[in-house]
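Structure data (compact mmCIF, C-alpha atoms (C1' of nucleotides)) from structure.txt:
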# COMPACT_ATOMS: atom_id res chain seq x y z
CA MET A 242 3.11 -14.90 39.84
CA LYS A 243 5.57 -12.00 39.83
CA ALA A 244 4.44 -8.86 38.02
CA GLU A 245 7.66 -8.90 36.02
CA THR A 246 7.01 -12.45 34.83
CA ILE A 247 3.46 -11.64 33.78
CA LEU A 248 4.67 -8.72 31.68
CA LYS A 249 7.55 -10.74 30.22
CA ASP A 250 5.28 -13.61 29.19
CA HIS A 251 2.85 -11.11 27.73
CA LEU A 252 5.47 -9.41 25.59
CA LEU A 253 7.34 -12.55 24.55
CA LYS A 254 4.14 -14.09 23.24
CA ILE A 255 4.29 -11.46 20.47
CA ILE A 256 7.87 -10.26 20.10
CA ASP A 257 11.44 -11.41 20.72
CA LEU A 258 13.43 -9.62 23.42
CA ASN A 259 16.60 -10.89 25.05
CA ASP A 260 17.00 -10.65 28.83
CA GLU A 261 18.90 -7.41 28.65
CA GLN A 262 16.31 -5.82 26.39
CA PHE A 263 13.46 -6.97 28.56
CA SER A 264 15.14 -5.63 31.69
CA TYR A 265 15.58 -2.31 29.96
CA VAL A 266 11.93 -2.24 28.94
CA PHE A 267 10.80 -3.34 32.38
CA SER A 268 12.82 -0.59 34.07
CA HIS A 269 10.35 1.93 32.61
CA PHE A 270 7.35 0.34 34.35
CA LYS A 271 6.52 1.49 37.85
CA PRO A 272 4.75 -1.08 40.09
CA MET A 273 1.79 0.30 42.01
CA SER A 274 -0.75 -1.18 44.44
CA PHE A 275 -4.34 -0.08 44.87
CA LYS A 276 -7.17 -0.99 47.21
CA LYS A 277 -10.63 -2.03 46.10
CA GLY A 278 -12.63 1.03 45.13
CA GLN A 279 -9.60 3.30 44.65
CA ALA A 280 -9.49 5.52 41.58
CA ILE A 281 -6.48 5.27 39.27
CA ILE A 282 -7.71 7.86 36.80
CA ALA A 283 -10.52 10.28 37.74
CA GLU A 284 -12.50 12.51 35.40
CA GLY A 285 -10.64 15.74 34.74
CA ASP A 286 -7.20 14.32 35.61
CA LYS A 287 -4.22 14.90 33.42
CA VAL A 288 -3.55 11.42 31.99
CA SER A 289 0.11 10.59 31.59
CA CYS A 290 0.18 6.80 31.99
CA GLU A 291 -1.34 3.55 30.93
CA TYR A 292 -1.57 0.58 33.29
CA PHE A 293 -0.77 -3.09 32.79
CA VAL A 294 -2.72 -5.19 35.29
CA THR A 295 -0.78 -7.93 37.10
CA ALA A 296 -3.33 -8.76 39.82
CA GLY A 297 -6.94 -7.94 40.58
CA CYS A 298 -9.52 -6.34 38.35
CA LEU A 299 -10.04 -2.78 37.10
CA LYS A 300 -12.78 -1.11 35.14
CA SER A 301 -12.67 1.82 32.73
CA PHE A 302 -15.92 3.75 32.52
CA TYR A 303 -17.73 6.87 31.45
CA ILE A 304 -20.27 8.72 33.56
CA ASN A 305 -22.81 10.86 31.71
CA ASP A 306 -24.61 14.04 32.76
CA ASP A 307 -27.36 12.01 34.48
CA LEU A 308 -24.64 10.24 36.51
CA LYS A 309 -25.32 7.01 34.66
CA MET A 310 -22.20 4.87 34.31
CA PHE A 311 -21.15 2.95 31.20
CA ILE A 312 -18.30 0.49 31.36
CA LEU A 313 -15.90 0.42 28.46
CA GLN A 314 -13.72 -2.41 29.66
CA PHE A 315 -12.95 -4.70 32.53
CA ALA A 316 -9.20 -5.23 32.94
CA MET A 317 -7.88 -8.47 34.43
CA PRO A 318 -4.23 -9.56 34.71
CA GLY A 319 -2.56 -9.31 31.31
CA TRP A 320 -4.82 -6.47 30.17
CA TRP A 321 -4.04 -2.80 29.71
CA ALA A 322 -6.18 0.14 30.75
CA SER A 323 -6.19 3.91 30.50
CA ASP A 324 -8.15 6.77 29.01
CA TYR A 325 -6.45 6.37 25.65
CA ASN A 326 -8.13 9.35 24.08
CA ALA A 327 -6.79 11.57 26.82
CA LEU A 328 -3.42 9.79 26.92
CA TYR A 329 -2.71 10.02 23.18
CA ASN A 330 -4.06 13.52 22.71
CA GLY A 331 -2.80 15.13 25.89
CA ILE A 332 -6.26 16.15 27.06
CA LYS A 333 -8.03 15.77 30.42
CA ALA A 334 -9.65 12.46 31.32
CA THR A 335 -13.28 11.92 30.41
CA ILE A 336 -12.92 8.20 31.15
CA GLY A 337 -12.25 6.97 34.67
CA VAL A 338 -10.30 3.89 35.71
CA ASP A 339 -10.71 2.34 39.15
CA CYS A 340 -10.36 -0.89 41.09
CA ILE A 341 -13.11 -3.50 41.35
CA THR A 342 -10.84 -5.54 43.63
CA ASP A 343 -7.49 -4.84 45.28
CA ALA A 344 -5.10 -4.57 42.36
CA GLU A 345 -1.48 -4.50 41.28
CA VAL A 346 -0.48 -2.67 38.13
CA LEU A 347 2.61 -1.69 36.21
CA CYS A 348 2.45 1.95 35.23
CA LEU A 349 3.98 3.07 31.92
CA SER A 350 4.06 6.74 31.01
CA ASN A 351 3.12 7.90 27.54
CA ALA A 352 6.56 9.46 27.16
CA ASP A 353 8.32 6.23 28.13
CA ARG A 354 6.15 4.16 25.81
CA GLU A 355 7.02 6.45 22.92
CA LYS A 356 10.69 6.38 23.90
CA LEU A 357 10.72 2.57 24.04
CA CYS A 358 8.84 2.35 20.74
CA SER A 359 11.37 4.52 18.99
CA GLU A 360 14.40 2.81 20.58
CA LEU A 361 13.24 -0.76 20.07
CA HIS A 362 11.49 -1.65 16.85
CA ALA A 363 10.12 -4.81 18.49
CA VAL A 364 8.34 -2.78 21.16
CA GLU A 365 6.73 -0.61 18.51
CA HIS A 366 5.61 -3.82 16.83
CA PHE A 367 4.13 -5.08 20.08
CA PHE A 368 2.07 -1.95 20.64
CA ARG A 369 0.84 -1.98 17.06
CA TRP A 370 -0.26 -5.57 17.56
CA ARG A 371 -1.96 -4.72 20.84
CA THR A 372 -3.98 -1.86 19.42
CA ASN A 373 -4.94 -3.92 16.39
CA LYS A 374 -6.46 -6.45 18.79
CA GLY A 375 -8.26 -3.75 20.69
CA TYR A 376 -9.58 -2.17 17.52
CA VAL A 377 -11.01 -5.43 16.23
CA ALA A 378 -12.58 -6.17 19.62
CA ALA A 379 -14.15 -2.70 19.80
CA GLN A 380 -15.64 -3.17 16.33
CA LYS A 381 -17.09 -6.53 17.30
CA ARG A 382 -18.67 -5.04 20.38
CA LEU A 383 -20.10 -2.19 18.31
CA LEU A 384 -21.69 -4.67 15.93
CA SER A 385 -23.05 -6.69 18.82
CA PHE A 386 -24.68 -3.53 20.13
CA MET A 387 -26.34 -2.79 16.84
CA ASN A 388 -27.37 -6.34 16.10
CA ASN A 389 -28.18 -8.13 19.36
CA ASP A 390 -30.57 -7.63 22.26
CA ALA A 391 -29.51 -7.42 25.89
CA LYS A 392 -29.97 -11.14 26.59
CA HIS A 393 -27.79 -12.12 23.65
CA ARG A 394 -25.08 -9.67 24.70
CA TYR A 395 -25.21 -10.96 28.26
CA GLU A 396 -24.65 -14.55 27.15
CA GLU A 397 -21.91 -13.41 24.80
CA LEU A 398 -20.13 -11.66 27.67
CA LEU A 399 -20.32 -14.68 29.97
CA ASN A 400 -19.07 -16.98 27.22
CA THR A 401 -16.17 -14.68 26.40
CA TYR A 402 -15.17 -13.84 29.99
CA PRO A 403 -16.52 -16.52 32.36
CA GLN A 404 -14.14 -15.31 35.14
CA LEU A 405 -16.08 -12.04 35.37
CA TYR A 406 -19.23 -13.70 36.68
CA ASN A 407 -17.69 -14.32 40.10
CA ILE A 408 -15.81 -11.07 40.50
CA VAL A 409 -18.06 -8.40 39.09
CA SER A 410 -21.43 -7.25 40.49
CA LYS A 411 -24.56 -7.45 38.39
CA GLN A 412 -24.76 -3.68 38.36
CA LEU A 413 -21.39 -3.45 36.66
CA ILE A 414 -22.28 -6.19 34.19
CA ALA A 415 -25.40 -4.16 33.34
CA ALA A 416 -23.30 -1.01 32.89
CA TYR A 417 -21.06 -2.94 30.50
CA LEU A 418 -24.00 -4.29 28.53
CA GLY A 419 -25.62 -0.85 28.35
CA VAL A 420 -28.88 -1.89 30.05
CA SER A 421 -30.42 -0.97 33.39
CA ARG A 422 -29.72 -3.28 36.34
CA GLU A 423 -33.47 -4.03 36.50
CA THR A 424 -33.50 -5.25 32.92
CA LEU A 425 -30.45 -7.42 33.50
CA SER A 426 -32.10 -8.97 36.56
CA ARG A 427 -35.18 -9.83 34.49
CA LEU A 428 -33.07 -11.55 31.85
CA TYR A 429 -32.49 -14.60 34.01
CA HIS A 430 -35.25 -14.37 36.69
CA GLY A 431 -38.81 -13.21 35.91
CA MET B 79 -5.04 14.91 -7.05
CA LYS B 80 -2.81 11.94 -7.90
CA ALA B 81 -3.31 8.82 -5.78
CA GLU B 82 0.41 8.77 -5.05
CA THR B 83 0.32 12.33 -3.72
CA ILE B 84 -2.66 11.61 -1.49
CA LEU B 85 -0.87 8.66 0.09
CA LYS B 86 2.38 10.59 0.41
CA ASP B 87 0.71 13.52 2.17
CA HIS B 88 -1.12 11.07 4.40
CA LEU B 89 2.05 9.29 5.50
CA LEU B 90 4.24 12.38 5.80
CA LYS B 91 1.75 14.02 8.12
CA ILE B 92 2.81 11.38 10.69
CA ILE B 93 6.27 10.08 9.77
CA ASP B 94 9.41 11.14 7.92
CA LEU B 95 10.25 9.30 4.72
CA ASN B 96 12.69 10.50 2.08
CA ASP B 97 11.71 10.26 -1.61
CA GLU B 98 13.48 6.99 -2.10
CA GLN B 99 11.82 5.43 0.94
CA PHE B 100 8.40 6.67 -0.08
CA SER B 101 8.85 5.31 -3.61
CA TYR B 102 9.79 1.98 -2.15
CA VAL B 103 6.73 1.96 0.12
CA PHE B 104 4.47 3.12 -2.70
CA SER B 105 5.71 0.33 -4.98
CA HIS B 106 3.85 -2.13 -2.74
CA PHE B 107 0.48 -0.46 -3.31
CA LYS B 108 -1.58 -1.57 -6.29
CA PRO B 109 -3.96 1.04 -7.76
CA MET B 110 -7.44 -0.25 -8.52
CA SER B 111 -10.65 1.30 -9.90
CA PHE B 112 -14.17 0.28 -9.03
CA LYS B 113 -17.62 1.26 -10.22
CA LYS B 114 -20.44 2.40 -7.95
CA GLY B 115 -22.06 -0.62 -6.34
CA GLN B 116 -19.11 -2.96 -6.95
CA ALA B 117 -17.98 -5.19 -4.10
CA ILE B 118 -14.33 -5.02 -3.02
CA ILE B 119 -14.70 -7.59 -0.24
CA ALA B 120 -17.71 -9.93 -0.12
CA GLU B 121 -18.78 -12.11 2.80
CA GLY B 122 -16.88 -15.39 2.77
CA ASP B 123 -13.96 -14.06 0.73
CA LYS B 124 -10.40 -14.72 1.71
CA VAL B 125 -9.18 -11.26 2.79
CA SER B 126 -5.60 -10.53 1.87
CA CYS B 127 -5.56 -6.74 1.46
CA GLU B 128 -6.54 -3.47 2.96
CA TYR B 129 -7.51 -0.48 0.83
CA PHE B 130 -6.49 3.16 0.99
CA VAL B 131 -9.15 5.32 -0.67
CA THR B 132 -7.90 8.01 -3.06
CA ALA B 133 -11.23 8.92 -4.72
CA GLY B 134 -14.90 8.19 -4.15
CA CYS B 135 -16.56 6.65 -1.13
CA LEU B 136 -16.70 3.10 0.25
CA LYS B 137 -18.60 1.50 3.05
CA SER B 138 -17.73 -1.44 5.28
CA PHE B 139 -20.74 -3.29 6.63
CA TYR B 140 -22.12 -6.37 8.29
CA ILE B 141 -25.31 -8.15 7.22
CA ASN B 142 -27.09 -10.22 9.88
CA ASP B 143 -29.23 -13.33 9.54
CA ASP B 144 -32.36 -11.24 8.88
CA LEU B 145 -30.50 -9.53 6.03
CA LYS B 146 -30.39 -6.30 7.96
CA MET B 147 -27.29 -4.25 7.19
CA PHE B 148 -25.16 -2.37 9.72
CA ILE B 149 -22.48 0.04 8.55
CA LEU B 150 -19.19 0.03 10.41
CA GLN B 151 -17.53 2.78 8.50
CA PHE B 152 -17.75 5.08 5.53
CA ALA B 153 -14.38 5.52 3.81
CA MET B 154 -13.58 8.72 1.94
CA PRO B 155 -10.23 9.73 0.37
CA GLY B 156 -7.48 9.43 2.96
CA TRP B 157 -9.27 6.65 4.84
CA TRP B 158 -8.47 2.96 5.03
CA ALA B 159 -10.91 0.07 4.81
CA SER B 160 -10.93 -3.71 5.08
CA ASP B 161 -12.30 -6.53 7.20
CA TYR B 162 -9.51 -6.17 9.73
CA ASN B 163 -10.61 -9.11 11.83
CA ALA B 164 -10.37 -11.36 8.77
CA LEU B 165 -7.21 -9.67 7.49
CA TYR B 166 -5.23 -9.93 10.74
CA ASN B 167 -6.42 -13.40 11.67
CA GLY B 168 -6.40 -15.04 8.25
CA ILE B 169 -10.09 -15.96 8.40
CA LYS B 170 -12.91 -15.51 5.87
CA ALA B 171 -14.67 -12.15 5.60
CA THR B 172 -17.74 -11.52 7.72
CA ILE B 173 -17.57 -7.80 6.90
CA GLY B 174 -18.16 -6.60 3.35
CA VAL B 175 -16.62 -3.56 1.67
CA ASP B 176 -18.19 -1.99 -1.42
CA CYS B 177 -18.46 1.24 -3.36
CA ILE B 178 -21.06 3.91 -2.65
CA THR B 179 -19.69 5.90 -5.59
CA ASP B 180 -17.14 5.12 -8.33
CA ALA B 181 -13.89 4.80 -6.44
CA GLU B 182 -10.11 4.63 -6.71
CA VAL B 183 -8.12 2.77 -4.12
CA LEU B 184 -4.57 1.68 -3.40
CA CYS B 185 -4.46 -1.95 -2.40
CA LEU B 186 -1.88 -3.12 0.15
CA SER B 187 -1.59 -6.79 1.00
CA ASN B 188 -1.28 -7.95 4.60
CA ALA B 189 2.04 -9.60 3.72
CA ASP B 190 3.42 -6.41 2.19
CA ARG B 191 2.28 -4.28 5.12
CA GLU B 192 4.06 -6.61 7.53
CA LYS B 193 7.13 -6.62 5.30
CA LEU B 194 7.20 -2.81 5.15
CA CYS B 195 6.61 -2.57 8.89
CA SER B 196 9.55 -4.80 9.65
CA GLU B 197 11.86 -3.18 7.08
CA LEU B 198 11.05 0.42 7.97
CA HIS B 199 10.55 1.33 11.59
CA ALA B 200 8.78 4.55 10.53
CA VAL B 201 6.14 2.56 8.66
CA GLU B 202 5.48 0.43 11.72
CA HIS B 203 5.11 3.64 13.68
CA PHE B 204 2.62 4.96 11.14
CA PHE B 205 0.42 1.90 11.36
CA ARG B 206 0.52 1.93 15.14
CA TRP B 207 -0.58 5.55 15.05
CA ARG B 208 -3.34 4.79 12.58
CA THR B 209 -4.85 1.97 14.62
CA ASN B 210 -4.60 4.03 17.81
CA LYS B 211 -6.77 6.61 16.08
CA GLY B 212 -9.21 3.96 14.95
CA TYR B 213 -9.38 2.40 18.39
CA VAL B 214 -10.16 5.68 20.10
CA ALA B 215 -12.80 6.48 17.46
CA ALA B 216 -14.43 3.05 17.88
CA GLN B 217 -14.59 3.53 21.65
CA LYS B 218 -16.18 6.94 21.26
CA ARG B 219 -18.78 5.51 18.93
CA LEU B 220 -19.49 2.70 21.38
CA LEU B 221 -20.05 5.21 24.17
CA SER B 222 -22.29 7.27 21.94
CA PHE B 223 -24.37 4.15 21.29
CA MET B 224 -24.79 3.45 24.97
CA ASN B 225 -25.38 7.04 25.99
CA ASN B 226 -27.23 8.87 23.21
CA ASP B 227 -30.49 8.43 21.36
CA ALA B 228 -30.80 8.21 17.58
CA LYS B 229 -31.36 11.94 17.07
CA HIS B 230 -28.26 12.85 19.05
CA ARG B 231 -26.16 10.32 17.13
CA TYR B 232 -27.51 11.65 13.83
CA GLU B 233 -26.49 15.21 14.66
CA GLU B 234 -23.13 14.00 15.89
CA LEU B 235 -22.53 12.19 12.59
CA LEU B 236 -23.43 15.23 10.49
CA ASN B 237 -21.23 17.48 12.59
CA THR B 238 -18.30 15.10 12.35
CA TYR B 239 -18.66 14.24 8.65
CA PRO B 240 -20.69 16.99 6.91
CA GLN B 241 -19.48 15.72 3.48
CA LEU B 242 -21.47 12.51 3.95
CA TYR B 243 -24.83 14.27 3.81
CA ASN B 244 -24.58 14.88 0.06
CA ILE B 245 -23.06 11.56 -0.95
CA VAL B 246 -24.76 8.95 1.17
CA SER B 247 -28.43 7.90 1.07
CA LYS B 248 -30.59 8.19 4.17
CA GLN B 249 -30.90 4.41 4.28
CA LEU B 250 -27.16 4.08 4.66
CA ILE B 251 -27.01 6.83 7.28
CA ALA B 252 -29.68 4.88 9.19
CA ALA B 253 -27.65 1.68 8.87
CA TYR B 254 -24.65 3.52 10.32
CA LEU B 255 -26.67 4.95 13.19
CA GLY B 256 -28.22 1.57 13.93
CA VAL B 257 -31.84 2.71 13.48
CA SER B 258 -34.48 1.88 10.89
CA ARG B 259 -34.81 4.17 7.89
CA GLU B 260 -38.35 5.03 9.04
CA THR B 261 -37.08 6.23 12.41
CA LEU B 262 -34.36 8.31 10.79
CA SER B 263 -36.93 9.95 8.52
CA ARG B 264 -39.05 10.87 11.51
CA LEU B 265 -36.10 12.52 13.24
CA TYR B 266 -36.24 15.57 11.00
CA HIS B 267 -39.76 15.43 9.49
CA GLY B 268 -42.86 14.34 11.46
C1' DC C 285 -22.39 -9.18 66.65
C1' DG C 286 -26.14 -5.68 65.24
C1' DT C 287 -26.60 -1.75 62.30
C1' DT C 288 -26.14 0.68 58.23
C1' DT C 289 -25.04 0.82 53.49
C1' DT C 290 -25.18 -1.23 49.13
C1' DA C 291 -26.83 -4.65 45.84
C1' DT C 292 -30.55 -7.23 43.96
C1' DG C 293 -35.34 -8.47 42.73
C1' DT C 294 -40.23 -7.45 41.25
C1' DG C 295 -44.33 -4.91 39.90
C1' DA C 296 -46.45 -1.00 37.32
C1' DT C 297 -46.03 2.24 33.91
C1' DC C 298 -43.87 4.85 30.11
C1' DT C 299 -41.17 5.64 25.78
C1' DA C 300 -38.06 5.29 21.95
C1' DC C 301 -37.78 2.77 18.35
C1' DA C 302 -39.08 -1.47 15.38
C1' DT C 303 -42.10 -3.43 12.18
C1' DC C 304 -45.68 -3.70 8.73
C1' DA C 305 -48.18 -1.52 5.12
C1' DA C 306 -48.99 1.68 1.71
C1' DA C 307 -48.36 6.36 -0.69
C1' DT C 308 -45.14 9.29 -2.98
C1' DT C 309 -41.01 11.03 -4.61
C1' DT C 310 -36.47 10.36 -6.69
C1' DT C 311 -33.26 7.98 -9.42
C1' DA C 312 -31.88 4.76 -12.93
C1' DA C 313 -32.46 2.21 -17.36
C1' DC C 314 -33.75 1.50 -21.71
C1' DG D 36 -38.75 10.74 -22.19
C1' DT D 37 -41.15 6.94 -20.46
C1' DT D 38 -41.12 3.23 -17.61
C1' DA D 39 -39.27 0.52 -14.09
C1' DA D 40 -36.90 0.35 -9.78
C1' DA D 41 -35.35 2.22 -5.64
C1' DA D 42 -35.53 5.62 -1.88
C1' DT D 43 -38.20 8.27 1.17
C1' DT D 44 -42.19 9.57 3.82
C1' DT D 45 -46.20 8.76 6.70
C1' DG D 46 -49.56 6.14 9.54
C1' DA D 47 -50.87 2.42 12.70
C1' DT D 48 -49.44 -0.80 15.92
C1' DG D 49 -46.17 -3.76 18.69
C1' DT D 50 -42.24 -4.42 21.95
C1' DA D 51 -37.72 -4.24 24.37
C1' DG D 52 -36.10 -1.97 27.67
C1' DA D 53 -36.20 2.48 30.77
C1' DT D 54 -37.79 4.46 34.84
C1' DC D 55 -40.00 4.81 39.32
C1' DA D 56 -41.19 2.77 43.62
C1' DC D 57 -40.50 -0.26 47.00
C1' DA D 58 -39.27 -4.94 49.07
C1' DT D 59 -35.63 -8.00 50.27
C1' DA D 60 -31.10 -9.71 50.65
C1' DA D 61 -26.35 -9.35 51.22
C1' DA D 62 -22.08 -6.97 52.41
C1' DA D 63 -19.35 -3.68 55.07
C1' DC D 64 -18.11 -1.88 59.27
C1' DG D 65 -18.28 -0.01 63.72
Could you render the structure from this file as structure tokens?
Amino acid sequence: MKAETILKDHLLKIIDLNDEQFSYVFSHFKPMSFKKGQAIIAEGDKVSCEYFVTAGCLKSFYINDDLKMFILQFAMPGWWASDYNALYNGIKATIGVDCITDAEVLCLSNADREKLCSELHAVEHFFRWRTNKGYVAAQKRLLSFMNNDAKHRYEELLNTYPQLYNIVSKQLIAAYLGVSRETLSRLYHG
Amino acid sequence: MKAETILKDHLLKIIDLNDEQFSYVFSHFKPMSFKKGQAIIAEGDKVSCEYFVTAGCLKSFYINDDLKMFILQFAMPGWWASDYNALYNGIKATIGVDCITDAEVLCLSNADREKLCSELHAVEHFFRWRTNKGYVAAQKRLLSFMNNDAKHRYEELLNTYPQLYNIVSKQLIAAYLGVSRETLSRLYHG
DNA sequence: CGTTTTATGTGATCTACATCAAATTTTAAC
DNA sequence: GTTAAAATTTGATGTAGATCACATAAAACG
């Protein structure tokens, strides 16, 4: 499906925009293509955009001092990704975003998002709705971390995002669950 | 300080509202007083409001099947609390909110928030800003959970919210950190 | 293809933290 | 102020999951 259509469907599920308004909104998004493994945001970068995925799969992640990686989010078509802390607060990236598969994204700058939000009340409403969703999801994941063991969290992940199983390596699943790859392997074998 | 003033300062830090607009917004908030230990939201309740704290300290928490409690958030004056999953999705509460100390809050219904957001673009902007903040904070806490041990998270909490140390029992700190009270005790003694 | 990375699986050992149990200190209630 | 209740500390023991080391399997790539 066309990137434009994916974005339009995504927005119109939540807000009303006529064709002219949508075209205007869309004109602020810049289509970009990336190859598997390519970085979209690297640690230390100035972060000026967020990315709406229209094809492929991204991950956003943190790498600690021991070079251990933790995955914050997988992003499939219809999802957004960025280092939001850096983006909102104008600081350098501590979170990376890169491509698990070849990917197509629509890039929206922070400045253009704010411009669109102030020009079109509906767009502001959309982004409030989106962050509300994200906030509730982050809280659920936090609770799952505190409450459940690795096996439980693994099953939860596969139930919530069955598509991931085929696309994403076990290592990355482990980095999302916050366990070592060895432990994840032992959850279903030995 | 007056509850009205606390809310006004809080809003005006982010958006512009003239006196008439603020009065109109404020007219939708219902002041309420609670005693230490009182529940504001109990598990299974229908959740129709969120609460802006103007005095005292609340906690929002989840209790699992083994009756173990996990604290999502402490709420001091200038903070908001509710079961947002329940509030936004019109489902029953799985998160409780109650009072660590005697407390004063301003209660805003979901319906009134949505009404104010649609009537006043600036209010919608405020709530988008607020949830953005919350989302980034939740992500940081998630990373801290994956990356840091209990001692590190304890020090992080005290650095971020030094006020809590005097108000909140060690048990509750432990429930926020996601460790047992025994482990927390051993972090600074034995 | 074959060769070289890169991902996965499995055993052995180690560690942070949980759990259970009981002593002690602090806070609340009458 | 005395008693009851709750919070905190401390010890002993158990366990999920980390880490290290190496074997195997599967991609990637010339």
Counting all atoms listed in the file, give me one row per residue of chain B with an atom at most 7 Å from an atom of chain A, showing the shortest contact pair and its distance in Å to one decimal, sorted by chain then residue number, as JSON lines.
{"residue": "B:Tyr162", "atom": "CA", "partner": "A:Val377", "partner_atom": "CA", "distance": 6.7}
{"residue": "B:Asn163", "atom": "CA", "partner": "A:Val377", "partner_atom": "CA", "distance": 5.7}
{"residue": "B:His199", "atom": "CA", "partner": "A:His362", "partner_atom": "CA", "distance": 6.1}
{"residue": "B:Glu202", "atom": "CA", "partner": "A:His366", "partner_atom": "CA", "distance": 6.6}
{"residue": "B:His203", "atom": "CA", "partner": "A:Glu365", "partner_atom": "CA", "distance": 6.6}
{"residue": "B:Phe205", "atom": "CA", "partner": "A:Arg369", "partner_atom": "CA", "distance": 6.9}
{"residue": "B:Arg206", "atom": "CA", "partner": "A:Arg369", "partner_atom": "CA", "distance": 4.4}
{"residue": "B:Thr209", "atom": "CA", "partner": "A:Asn373", "partner_atom": "CA", "distance": 6.2}
{"residue": "B:Asn210", "atom": "CA", "partner": "A:Thr372", "partner_atom": "CA", "distance": 6.1}
{"residue": "B:Gly212", "atom": "CA", "partner": "A:Tyr376", "partner_atom": "CA", "distance": 6.7}
{"residue": "B:Tyr213", "atom": "CA", "partner": "A:Tyr376", "partner_atom": "CA", "distance": 4.7}
{"residue": "B:Val214", "atom": "CA", "partner": "A:Asn326", "partner_atom": "CA", "distance": 5.8}
{"residue": "B:Ala216", "atom": "CA", "partner": "A:Ala379", "partner_atom": "CA", "distance": 6.1}
{"residue": "B:Gln217", "atom": "CA", "partner": "A:Ala379", "partner_atom": "CA", "distance": 6.5}
{"residue": "B:Leu220", "atom": "CA", "partner": "A:Leu383", "partner_atom": "CA", "distance": 5.8}
{"residue": "B:Met224", "atom": "CA", "partner": "A:Gly419", "partner_atom": "CA", "distance": 5.5}
{"residue": "B:Gly256", "atom": "CA", "partner": "A:Met387", "partner_atom": "CA", "distance": 5.6}
Name the residues in contact with A:Met242 at a cut-off of 10 Å, using all atoms listed in the file, excluding same-chain residues fewer than 3 positions from it; report them as a PDB file with C-alpha atoms, in the frame of the given file.
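Output file part.pdb follows:
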ATOM      1  CA  GLU A 245       7.660  -8.900  36.020  1.00  0.00           C
ATOM      2  CA  THR A 246       7.010 -12.450  34.830  1.00  0.00           C
ATOM      3  CA  ILE A 247       3.460 -11.640  33.780  1.00  0.00           C
ATOM      4  CA  THR A 295      -0.780  -7.930  37.100  1.00  0.00           C
ATOM      5  CA  ALA A 296      -3.330  -8.760  39.820  1.00  0.00           C
TER       6      ALA A 296
END
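Reported to one decimal place, the separation of atom CA of B:Arg264 from atom CA of B:Ala228 is 10.6 Å.
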Around (-51.3, 3.2, 13.6) in the file's frame, which residues reach within 12 Å when counting all atoms listed in the file? Return as a list of chain:residue names?
->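 Residues satisfying the cut-off, written out: C:DT303, C:DC304, C:DA305, D:DT45, D:DG46, D:DA47, D:DT48, D:DG49.
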If you count only C-alpha atoms (C1' of nucleotides), which residues fall within 12 Å of A:Glu396, apart from same-chain ones fewer than 2 positions away, as a list in words?
-> Ser385, Asn389, Asp390, Ala391, Lys392, His393, Arg394, Leu398, Leu399, Asn400, Thr401, Tyr402, Pro403, Tyr406, Ile414, Leu418, Leu425, Leu428 and Tyr429 of chain A
Can you check which parts of chain B lie within 10 Å of chain D? Per residue, the shortest pair of atoms and distance in Å to one decimal, counting all atoms listed in the file, sorted by chain and number, as JSON lines.
{"residue": "B:Ser247", "atom": "CA", "partner": "D:DA42", "partner_atom": "C1'", "distance": 8.0}
{"residue": "B:Lys248", "atom": "CA", "partner": "D:DT43", "partner_atom": "C1'", "distance": 8.2}
{"residue": "B:Gln249", "atom": "CA", "partner": "D:DA42", "partner_atom": "C1'", "distance": 7.8}
{"residue": "B:Arg259", "atom": "CA", "partner": "D:DT43", "partner_atom": "C1'", "distance": 8.6}
{"residue": "B:Glu260", "atom": "CA", "partner": "D:DT44", "partner_atom": "C1'", "distance": 7.9}
{"residue": "B:Ser263", "atom": "CA", "partner": "D:DT44", "partner_atom": "C1'", "distance": 7.1}
{"residue": "B:Arg264", "atom": "CA", "partner": "D:DT44", "partner_atom": "C1'", "distance": 8.4}
{"residue": "B:His267", "atom": "CA", "partner": "D:DT44", "partner_atom": "C1'", "distance": 8.5}
{"residue": "B:Gly268", "atom": "CA", "partner": "D:DT45", "partner_atom": "C1'", "distance": 8.1}
Mind listing as a PyMOL selection string which residues of chain C are within 10 Å of chain A, counting only C-alpha atoms (C1' of nucleotides)?
-> chain C and resi 291-294
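Computed from the coordinates, the atom CA of A:Ser421 to atom CA of A:Cys340 distance equals 21.5 Å.
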Between atom CA of B:Ile119 and atom CA of B:Leu85, what is the distance, to one decimal in Å?
-> 21.3 Å
Using all atoms listed in the file, determine which residues lie at most 7 Å from A:Leu328, disregarding the query and same-chain residues fewer than 3 positions distant; provide the list as number ranges by chain.
-> A: 288-290, 324-325, 331-332, 351
Find the residues around B:Ser111 up to 12 Å (only C-alpha atoms (C1' of nucleotides) counted), leave out those fewer than 5 positions away in its own chain, and share them as a PyMOL selection string.
-> chain B and resi 81+116-118+129-136+176-177+179-185
Writing out the chosen residues with C-alpha atoms as a compact mmCIF listing (two decimals), in the frame of the given file:
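Contents of result16.txt, as written:
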# COMPACT_ATOMS: atom_id res chain seq x y z
CA ALA B 81 -3.31 8.82 -5.78
CA GLN B 116 -19.11 -2.96 -6.95
CA ALA B 117 -17.98 -5.19 -4.10
CA ILE B 118 -14.33 -5.02 -3.02
CA TYR B 129 -7.51 -0.48 0.83
CA PHE B 130 -6.49 3.16 0.99
CA VAL B 131 -9.15 5.32 -0.67
CA THR B 132 -7.90 8.01 -3.06
CA ALA B 133 -11.23 8.92 -4.72
CA GLY B 134 -14.90 8.19 -4.15
CA CYS B 135 -16.56 6.65 -1.13
CA LEU B 136 -16.70 3.10 0.25
CA ASP B 176 -18.19 -1.99 -1.42
CA CYS B 177 -18.46 1.24 -3.36
CA THR B 179 -19.69 5.90 -5.59
CA ASP B 180 -17.14 5.12 -8.33
CA ALA B 181 -13.89 4.80 -6.44
CA GLU B 182 -10.11 4.63 -6.71
CA VAL B 183 -8.12 2.77 -4.12
CA LEU B 184 -4.57 1.68 -3.40
CA CYS B 185 -4.46 -1.95 -2.40
